[in-house]
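Heads up, protein.tsv below (TSV, C-alpha atoms and all ligand atoms):
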chain	number	residue	atom	x	y	z
A	1	MET	CA	39.45	35.16	55.06
A	2	GLN	CA	38.61	35.80	51.39
A	3	ALA	CA	41.18	33.25	50.26
A	4	SER	CA	39.82	30.59	52.58
A	5	ARG	CA	36.26	31.30	51.53
A	6	ALA	CA	37.18	31.09	47.82
A	7	ARG	CA	39.03	27.87	48.41
A	8	LEU	CA	36.10	26.34	50.32
A	9	LEU	CA	33.67	27.37	47.59
A	10	LYS	CA	35.89	25.63	45.08
A	11	GLU	CA	35.92	22.52	47.26
A	12	TYR	CA	32.17	22.74	47.65
A	13	LYS	CA	31.73	22.54	43.89
A	14	GLU	CA	34.16	19.64	43.67
A	15	VAL	CA	32.28	17.80	46.40
A	16	GLN	CA	29.04	18.14	44.42
A	17	ARG	CA	30.80	16.55	41.45
A	18	GLU	CA	32.49	13.81	43.49
A	19	LYS	CA	29.40	12.73	45.36
A	20	VAL	CA	28.73	9.91	42.95
A	21	ALA	CA	32.41	9.12	42.45
A	22	ASP	CA	33.08	8.32	46.13
A	23	PRO	CA	30.11	6.52	47.73
A	24	ASP	CA	32.03	6.09	51.01
A	25	ILE	CA	32.09	9.80	51.79
A	26	GLN	CA	29.23	12.23	52.15
A	27	LEU	CA	30.57	15.68	52.85
A	28	VAL	CA	28.09	18.43	53.67
A	29	CYS	CA	28.65	22.13	54.26
A	30	ASP	CA	26.66	23.92	56.94
A	31	ASP	CA	23.88	26.00	55.34
A	32	SER	CA	24.83	29.20	57.09
A	33	ASN	CA	28.55	28.81	57.71
A	34	ILE	CA	31.01	27.68	55.07
A	35	PHE	CA	33.65	27.08	57.77
A	36	LYS	CA	31.59	24.28	59.35
A	37	TRP	CA	31.25	20.94	57.60
A	38	THR	CA	30.14	17.47	58.54
A	39	ALA	CA	30.92	14.20	56.84
A	40	LEU	CA	29.49	10.72	56.95
A	41	VAL	CA	32.12	8.11	56.17
A	42	LYS	CA	31.59	4.40	55.79
A	43	GLY	CA	33.65	2.05	57.93
A	44	PRO	CA	36.18	0.27	55.70
A	45	SER	CA	35.47	-3.38	54.88
A	46	GLU	CA	37.25	-6.18	56.73
A	47	THR	CA	37.77	-3.98	59.77
A	48	PRO	CA	35.86	-3.77	63.05
A	49	PHE	CA	34.17	-0.70	61.55
A	50	GLU	CA	32.66	-2.44	58.51
A	51	GLY	CA	28.96	-1.78	58.16
A	52	GLY	CA	29.14	1.34	60.33
A	53	VAL	CA	28.64	4.94	59.28
A	54	PHE	CA	30.71	7.49	61.19
A	55	GLN	CA	30.04	11.17	61.48
A	56	LEU	CA	32.89	13.66	61.41
A	57	ALA	CA	32.77	17.34	62.30
A	58	PHE	CA	35.03	19.80	60.50
A	59	SER	CA	35.91	23.22	61.79
A	60	VAL	CA	37.90	25.15	59.21
A	61	PRO	CA	40.19	27.98	60.37
A	62	GLU	CA	40.29	31.33	58.58
A	63	GLN	CA	43.88	30.61	57.57
A	64	TYR	CA	42.78	27.55	55.59
A	65	PRO	CA	44.31	26.03	53.50
A	66	LEU	CA	47.56	27.23	55.05
A	67	GLN	CA	46.37	25.65	58.30
A	68	PRO	CA	44.61	22.29	58.55
A	69	PRO	CA	40.95	21.93	59.46
A	70	GLN	CA	40.07	20.60	62.90
A	71	VAL	CA	38.33	17.29	62.52
A	72	ARG	CA	36.83	15.02	65.12
A	73	PHE	CA	34.58	12.01	65.26
A	74	LEU	CA	31.05	12.74	66.48
A	75	THR	CA	30.29	9.01	66.41
A	76	LYS	CA	31.86	7.06	69.25
A	77	ILE	CA	34.67	4.94	67.91
A	78	PHE	CA	37.28	2.67	69.49
A	79	HIS	CA	40.50	3.24	67.66
A	80	PRO	CA	44.10	3.69	68.83
A	81	ASN	CA	44.37	7.06	67.10
A	82	VAL	CA	41.03	8.50	68.15
A	83	HIS	CA	40.31	9.90	71.58
A	84	PHE	CA	37.30	7.99	72.90
A	85	LYS	CA	35.70	10.91	74.73
A	86	THR	CA	36.45	13.89	72.49
A	87	GLY	CA	36.66	12.14	69.11
A	88	GLU	CA	39.96	13.95	68.45
A	89	ILE	CA	41.94	12.29	65.69
A	90	CYS	CA	45.69	11.74	65.85
A	91	LEU	CA	46.67	11.98	62.23
A	92	ASP	CA	49.90	13.61	61.07
A	93	ILE	CA	48.34	15.35	58.08
A	94	LEU	CA	45.99	17.18	60.45
A	95	LYS	CA	48.97	18.43	62.45
A	96	ASN	CA	52.54	19.02	61.37
A	97	ALA	CA	52.37	17.10	58.08
A	98	TRP	CA	49.53	19.25	56.73
A	99	SER	CA	49.87	20.62	53.23
A	100	PRO	CA	47.49	22.99	51.40
A	101	ALA	CA	47.23	20.31	48.72
A	102	TRP	CA	44.89	18.37	51.00
A	103	THR	CA	41.17	19.01	50.72
A	104	LEU	CA	38.32	18.19	53.09
A	105	GLN	CA	37.40	15.31	50.80
A	106	SER	CA	40.94	13.88	50.75
A	107	VAL	CA	41.15	14.31	54.53
A	108	CYS	CA	38.05	12.09	54.77
A	109	ARG	CA	39.80	9.51	52.64
A	110	ALA	CA	42.88	9.68	54.87
A	111	ILE	CA	40.67	9.15	57.92
A	112	ILE	CA	39.07	6.08	56.33
A	113	ALA	CA	42.59	4.78	55.63
A	114	LEU	CA	43.54	5.42	59.26
A	115	MET	CA	40.48	3.46	60.41
A	116	ALA	CA	41.70	0.48	58.40
A	117	HIS	CA	45.34	0.89	59.38
A	118	PRO	CA	45.83	2.25	62.90
A	119	GLU	CA	49.17	3.83	63.64
A	120	PRO	CA	50.11	2.62	67.10
A	121	ASP	CA	53.51	4.29	66.92
A	122	SER	CA	52.08	7.65	66.02
A	123	PRO	CA	54.46	10.25	67.46
A	124	LEU	CA	51.50	12.42	68.39
A	125	ASN	CA	50.65	12.77	71.99
A	126	CYS	CA	47.79	10.34	72.32
A	127	ASP	CA	46.95	8.20	75.33
A	128	SER	CA	46.16	5.29	73.10
A	129	ALA	CA	49.46	5.54	71.22
A	130	GLU	CA	51.14	5.22	74.58
A	131	ASN	CA	48.95	2.20	75.26
A	132	ALA	CA	49.99	0.69	71.97
A	133	ARG	CA	53.64	1.02	72.92
A	134	ILE	CA	52.97	-0.66	76.26
A	135	ARG	CA	51.07	-3.39	74.50
A	136	LYS	CA	54.08	-4.36	72.42
A	137	GLU	CA	56.01	-5.15	75.56
A	138	LEU	CA	53.36	-7.41	77.02
A	139	PRO	CA	54.33	-11.01	77.60
A	140	LEU	CA	51.62	-13.65	77.93
A	141	SER	CA	48.83	-12.89	80.33
A	142	THR	CA	48.32	-14.65	83.64
A	143	CYS	CA	44.89	-15.91	82.72
A	144	GLY	CA	45.55	-17.54	79.38
A	145	HIS	CA	43.41	-15.20	77.29
A	146	GLN	CA	44.79	-13.56	74.23
A	147	ILE	CA	45.74	-9.93	74.23
A	148	VAL	CA	43.72	-7.81	71.85
A	149	PHE	CA	45.23	-5.34	69.49
A	150	LEU	CA	42.80	-2.53	69.96
A	151	PHE	CA	43.37	0.00	72.67
A	152	SER	CA	40.22	-0.78	74.48
A	153	SER	CA	39.12	-4.08	75.89
A	154	PHE	CA	36.82	-4.45	72.93
A	155	ASP	CA	37.15	-7.16	70.34
A	156	LYS	CA	34.54	-7.40	67.63
A	157	SER	CA	35.35	-11.05	66.99
A	158	ILE	CA	34.01	-11.95	70.41
A	159	SER	CA	30.36	-12.75	70.80
A	160	LYS	CA	28.04	-11.33	73.41
A	161	PHE	CA	24.88	-12.24	75.24
A	162	CYS	CA	21.76	-11.02	73.52
A	163	LYS	CA	19.07	-10.98	76.11
A	164	PHE	CA	17.28	-8.87	78.65
A	165	ASP	CA	17.71	-11.13	81.59
A	166	MET	CA	20.54	-13.29	82.67
A	167	CYS	CA	20.91	-16.06	85.18
A	168	ILE	CA	23.93	-16.88	87.25
A	169	LEU	CA	24.58	-20.06	89.08
A	170	ILE	CA	27.18	-20.57	91.72
A	171	VAL	CA	28.32	-24.10	91.10
A	172	HIS	CA	30.60	-24.60	94.02
A	173	LEU	CA	31.40	-22.59	97.09
A	174	PRO	CA	35.03	-22.58	98.24
A	175	ASN	CA	35.48	-23.87	101.76
A	176	GLY	CA	31.86	-23.25	102.51
A	177	LYS	CA	32.39	-19.49	102.34
A	178	ASP	CA	29.49	-17.39	101.20
A	179	VAL	CA	30.81	-15.99	97.94
A	180	LEU	CA	27.44	-15.21	96.43
A	181	ASN	CA	26.81	-11.89	98.15
A	182	PRO	CA	30.31	-10.46	97.69
A	183	LEU	CA	30.30	-11.63	94.05
A	184	ALA	CA	26.94	-10.00	93.45
A	185	LYS	CA	28.04	-6.74	95.04
A	186	TYR	CA	31.61	-6.39	93.82
A	187	CYS	CA	31.67	-8.32	90.53
A	188	PHE	CA	28.23	-8.49	88.98
A	189	LYS	CA	26.92	-5.10	90.02
A	190	PRO	CA	29.84	-3.02	88.64
A	191	TRP	CA	29.45	-4.62	85.20
A	192	GLY	CA	25.68	-4.77	85.55
A	193	ASP	CA	25.51	-0.99	86.00
A	194	HIS	CA	26.59	-0.71	82.33
A	195	LEU	CA	24.59	-3.59	80.86
A	196	PRO	CA	21.19	-3.55	79.23
A	197	PHE	CA	20.13	-6.62	81.21
A	198	THR	CA	20.04	-7.55	84.87
A	199	PHE	CA	21.57	-10.50	86.62
A	200	LYS	CA	19.40	-12.95	88.39
A	201	PHE	CA	20.92	-15.54	90.67
A	202	VAL	CA	19.70	-19.09	90.60
A	203	GLU	CA	20.99	-21.73	92.96
A	204	ARG	CA	19.59	-24.76	91.22
A	205	ASN	CA	18.74	-25.81	87.69
A	206	LEU	CA	22.07	-25.63	85.87
A	207	ARG	CA	20.42	-25.63	82.46
A	208	ILE	CA	19.08	-22.10	82.71
A	209	ALA	CA	22.30	-20.50	83.95
A	210	ASP	CA	24.06	-18.28	81.42
A	211	ILE	CA	27.12	-17.74	83.55
A	212	THR	CA	28.40	-20.30	85.99
A	213	ILE	CA	31.21	-19.96	88.48
A	214	GLY	CA	33.24	-22.84	89.76
A	215	PHE	CA	36.62	-24.04	90.91
A	216	LEU	CA	39.03	-26.44	89.25
A	217	LYS	CA	42.16	-28.02	90.62
A	218	ASN	CA	45.47	-27.78	88.73
A	219	GLY	CA	45.34	-30.06	85.71
A	220	GLN	CA	41.55	-30.29	85.57
A	221	GLU	CA	39.74	-29.24	82.37
A	222	GLY	CA	42.15	-26.58	81.17
A	223	MET	CA	43.30	-25.27	84.54
A	224	ASP	CA	47.03	-25.16	83.92
A	225	GLU	CA	49.36	-24.66	86.79
A	226	GLY	CA	50.04	-20.98	87.32
A	227	LYS	CA	46.68	-19.90	85.93
A	228	GLU	CA	44.64	-17.97	88.48
A	229	ALA	CA	41.33	-18.34	86.74
A	230	PHE	CA	39.83	-18.40	83.28
A	231	ALA	CA	36.50	-17.88	81.59
A	232	TYR	CA	34.78	-18.88	78.38
A	233	PRO	CA	33.29	-16.03	76.30
A	234	PRO	CA	29.56	-15.79	75.46
A	235	THR	CA	27.47	-17.64	75.12
A	236	ASP	CA	29.35	-20.32	77.07
A	237	GLY	CA	29.85	-18.19	80.16
A	238	ARG	CA	31.70	-20.62	82.42
A	239	VAL	CA	34.15	-19.08	84.89
A	240	PHE	CA	36.68	-21.17	86.80
A	241	PHE	CA	39.00	-20.22	89.62
A	242	ASN	CA	42.07	-22.24	90.52
A	243	ALA	CA	41.16	-24.21	93.62
A	244	ASP	CA	44.82	-24.73	94.52
A	245	LEU	CA	45.53	-21.04	95.03
A	246	ASN	CA	45.06	-19.03	98.16
A	247	TRP	CA	42.03	-16.74	97.77
A	248	SER	CA	40.95	-13.84	99.92
A	249	PHE	CA	38.31	-11.14	99.88
A	250	GLY	CA	40.28	-7.93	99.48
A	251	ALA	CA	44.04	-7.38	99.35
A	252	THR	CA	45.87	-9.86	101.56
A	253	PRO	CA	49.59	-10.70	101.43
A	254	GLY	CA	50.13	-14.16	99.95
A	255	ALA	CA	46.62	-14.40	98.52
A	256	TYR	CA	44.73	-13.41	95.38
A	257	ASP	CA	41.71	-11.18	95.72
A	258	PHE	CA	38.78	-13.31	94.67
A	259	LEU	CA	36.72	-10.25	93.78
A	260	THR	CA	39.35	-8.54	91.60
A	261	VAL	CA	40.02	-11.74	89.67
A	262	GLY	CA	36.27	-12.40	89.58
A	263	LEU	CA	35.61	-8.96	88.12
A	264	HIS	CA	38.23	-9.65	85.43
A	265	GLU	CA	36.95	-13.12	84.57
A	266	LEU	CA	33.37	-11.95	84.53
A	267	GLY	CA	34.47	-9.37	81.95
A	268	HIS	CA	35.73	-12.25	79.80
A	269	ALA	CA	32.55	-14.24	80.39
A	270	LEU	CA	30.57	-11.22	79.15
A	271	GLY	CA	32.69	-11.02	76.01
A	272	LEU	CA	35.50	-8.59	76.78
A	273	ALA	CA	39.07	-9.34	75.83
A	274	HIS	CA	42.14	-7.81	77.44
A	275	SER	CA	42.83	-4.15	77.74
A	276	SER	CA	46.20	-2.55	77.24
A	277	VAL	CA	45.42	0.09	79.84
A	278	LYS	CA	47.45	-0.59	82.94
A	279	GLY	CA	45.27	-0.49	86.01
A	280	ALA	CA	42.10	-1.41	84.13
A	281	VAL	CA	40.28	-4.48	85.37
A	282	MET	CA	40.79	-6.07	81.96
A	283	TRP	CA	44.56	-5.46	82.09
A	284	PRO	CA	45.88	-9.01	81.73
A	285	TYR	CA	47.89	-9.30	84.93
A	286	THR	CA	46.75	-9.65	88.48
A	287	GLY	CA	49.13	-10.33	91.29
A	288	MET	CA	48.71	-11.34	94.88
A	289	ASN	CA	47.70	-8.70	97.38
A	290	GLU	CA	46.11	-6.56	94.67
A	291	THR	CA	42.63	-5.11	94.25
A	292	ARG	CA	41.11	-3.29	91.32
A	293	VAL	CA	37.83	-1.65	90.40
A	294	LEU	CA	36.41	-0.80	86.97
A	295	GLN	CA	38.23	1.97	85.13
A	296	ASP	CA	37.03	4.14	82.22
A	297	ASP	CA	38.55	1.75	79.73
A	298	ASP	CA	36.60	-1.20	81.14
A	299	VAL	CA	33.39	0.80	80.97
A	300	HIS	CA	34.15	1.88	77.39
A	301	GLY	CA	34.77	-1.75	76.51
A	302	ILE	CA	31.50	-3.04	77.92
A	303	GLU	CA	29.56	-0.12	76.44
A	304	ALA	CA	31.11	-0.77	73.04
A	305	LEU	CA	29.96	-4.36	73.24
A	306	TYR	CA	26.47	-3.88	74.63
A	307	GLY	CA	25.67	-0.26	73.92
A	308	VAL	CA	25.62	2.67	76.29
A	309	LYS	CA	23.01	2.11	78.98
B	401	ZN	ZN	42.13	-12.29	81.38
Could you show the structure in this file as structure tokens?
Ligand SMILES: [Zn+2]
Amino acid sequence: MQASRARLLKEYKEVQREKVADPDIQLVCDDSNIFKWTALVKGPSETPFEGGVFQLAFSVPEQYPLQPPQVRFLTKIFHPNVHFKTGEICLDILKNAWSPAWTLQSVCRAIIALMAHPEPDSPLNCDSAENARIRKELPLSTCGHQIVFLFSSFDKSISKFCKFDMCILIVHLPNGKDVLNPLAKYCFKPWGDHLPFTFKFVERNLRIADITIGFLKNGQEGMDEGKEAFAYPPTDGRVFFNADLNWSFGATPGAYDFLTVGLHELGHALGLAHSSVKGAVMWPYTGMNETRVLQDDDVHGIEALYGVK
């Protein structure tokens, strides 16, 4: 206890000196408890985290520095080595590769380095590391969109809609079926529940529609044979289904579920890229006779893009 306290006091003095030296890290000790620290670290440049400031919480054990501090992100962050919900960090130096030579300040630096260089093959038991391994084995997707290299369906390079209201237009109804109501209920509402704006359906006046839904035959305007559907990201917002495929509402042998594929393509139209989480709506493969609903990863993706509702 005394040793850890003396060591932390020493680090505290060093931190005061280093404050100016390292503008990316602001490490602060709790006023009443030297075993509790917080840090503000700047997101490294040329990464999805650039421009962001991330808060870390340190809990230092009494056996410190023989044992590593527990560190987690308090700021929500999408990173293969950080648990989205708990903020737990998968970093070897915080586990079995810890050495008493590390300090809280140098741990912060290591975390900044990890933000810039994720370790998808981290041997630590992390869901996202498992996802990263799966991701490596992915062939091309069935809908022609690229696969993103972050664990969530979140890609900072993709634009988003910036508005409070949004209009949808159904361009063409397949075989005269009423797709509007099922689309509204099973595709737009699930995403809409996590969006800061609401969808409004318009049946005429193409110009004001932000998202349009239509059908293309094989060979028309980018509808390659074998593609089920595709969508253009914001602010284009066009979604096309392959008119030559057999569509159904719900799982039906020999047919694709219009609503599952619609949910996926609408995700793209809203700005999401593919997820590496199998079973997520944004997982890049949909087969016949298959239905899906939004999973945690999809929700995390849309919330990362548009903010938590
Ligand atoms: Zn896709």
Distance criterion (only C-alpha atoms): nearest to A:Pro100 out of A:Ala251, A:Ala243, A:Val41, A:Leu66
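Closest to A:Pro100 of all the choices is A:Leu66.
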Contacts of A:Ala269 at 8 Å (all atoms listed in the file; same-chain gap of 4+ positions) as a PyMOL selection string:
chain A and resi 211+231-234+236-239+265
Tell me which of A:Ala113, A:Met288, A:Leu263, A:Val293 sits closest to ligand ZN 401 (chain B), counting all atoms listed in the file.
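Checking each of A:Ala113, A:Met288, A:Leu263, A:Val293 against ligand ZN 401 (chain B), counting all atoms listed in the file, the winner is A:Leu263.
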Between A:Gly271, A:Ala280, A:Thr286, A:Thr86, which one has atoms that come closest to A:Ala255, using all atoms listed in the file?
A:Thr286
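Coordinates place atom CA of A:Leu9 at a distance of 10.2 Å from atom CA of A:Phe35.
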Quick one: pull the distance between atom ZN of ligand ZN 401 (chain B) and atom CA of A:Pro284, Å, one decimal.
5.0 Å
Looking at all atoms listed in the file, which of A:Gln26, A:Gly262, A:Glu228, A:Gly250 is the one that sits closest to A:Leu180?
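Looking only at the distances to A:Leu180, the closest residue turns out to be A:Gly262.
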Could you give me the centre and size, in Å to one decimal, of an axis-aligned box around all listed atoms of stretch 287-296 of chain A with 4 Å added on every side, as JSON?
{"center_x": 42.8, "center_y": -3.6, "center_z": 89.8, "size_x": 20.7, "size_y": 23.5, "size_z": 23.2}
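Using only C-alpha atoms, the shortest contact distance between A:Ile302 and any of A:Glu11, A:Glu119, A:Asp224, A:Asp193 is found at A:Asp193.
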Show me, as number ranges by chain, the residues that have an atom within 7 Å of stretch 36-38 of chain A when counting only C-alpha atoms, minus same-chain residues fewer than 6 positions from it.
A: 27-30, 55-60
Work out how far atom CA of A:Lys42 is from atom CA of A:Gln67, in Å to one decimal.
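Straight-line distance from atom CA of A:Gln67 to atom CA of A:Lys42 works out to 26.0 Å.
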Counting only C-alpha atoms, figure out which residue out of A:Val179, A:Leu74, A:Val15, A:Leu195 gets nearest to A:Ser106.
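Ranked by minimum distance to A:Ser106, first place goes to A:Val15.
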Excluding same-chain residues fewer than 5 positions from A:Gly87, what lies within 6 Å of it counting only C-alpha atoms, as a ChimeraX atom specification?
/A:72-73,82
Quick one: residues within 6 Å of (36.2, -16.6, 90.6) (file frame), counting all atoms listed in the file, please, as a list of chain:residue names.
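Looking at atoms near the point gives A:Phe240, A:Phe241, A:Phe258, A:Gly262.
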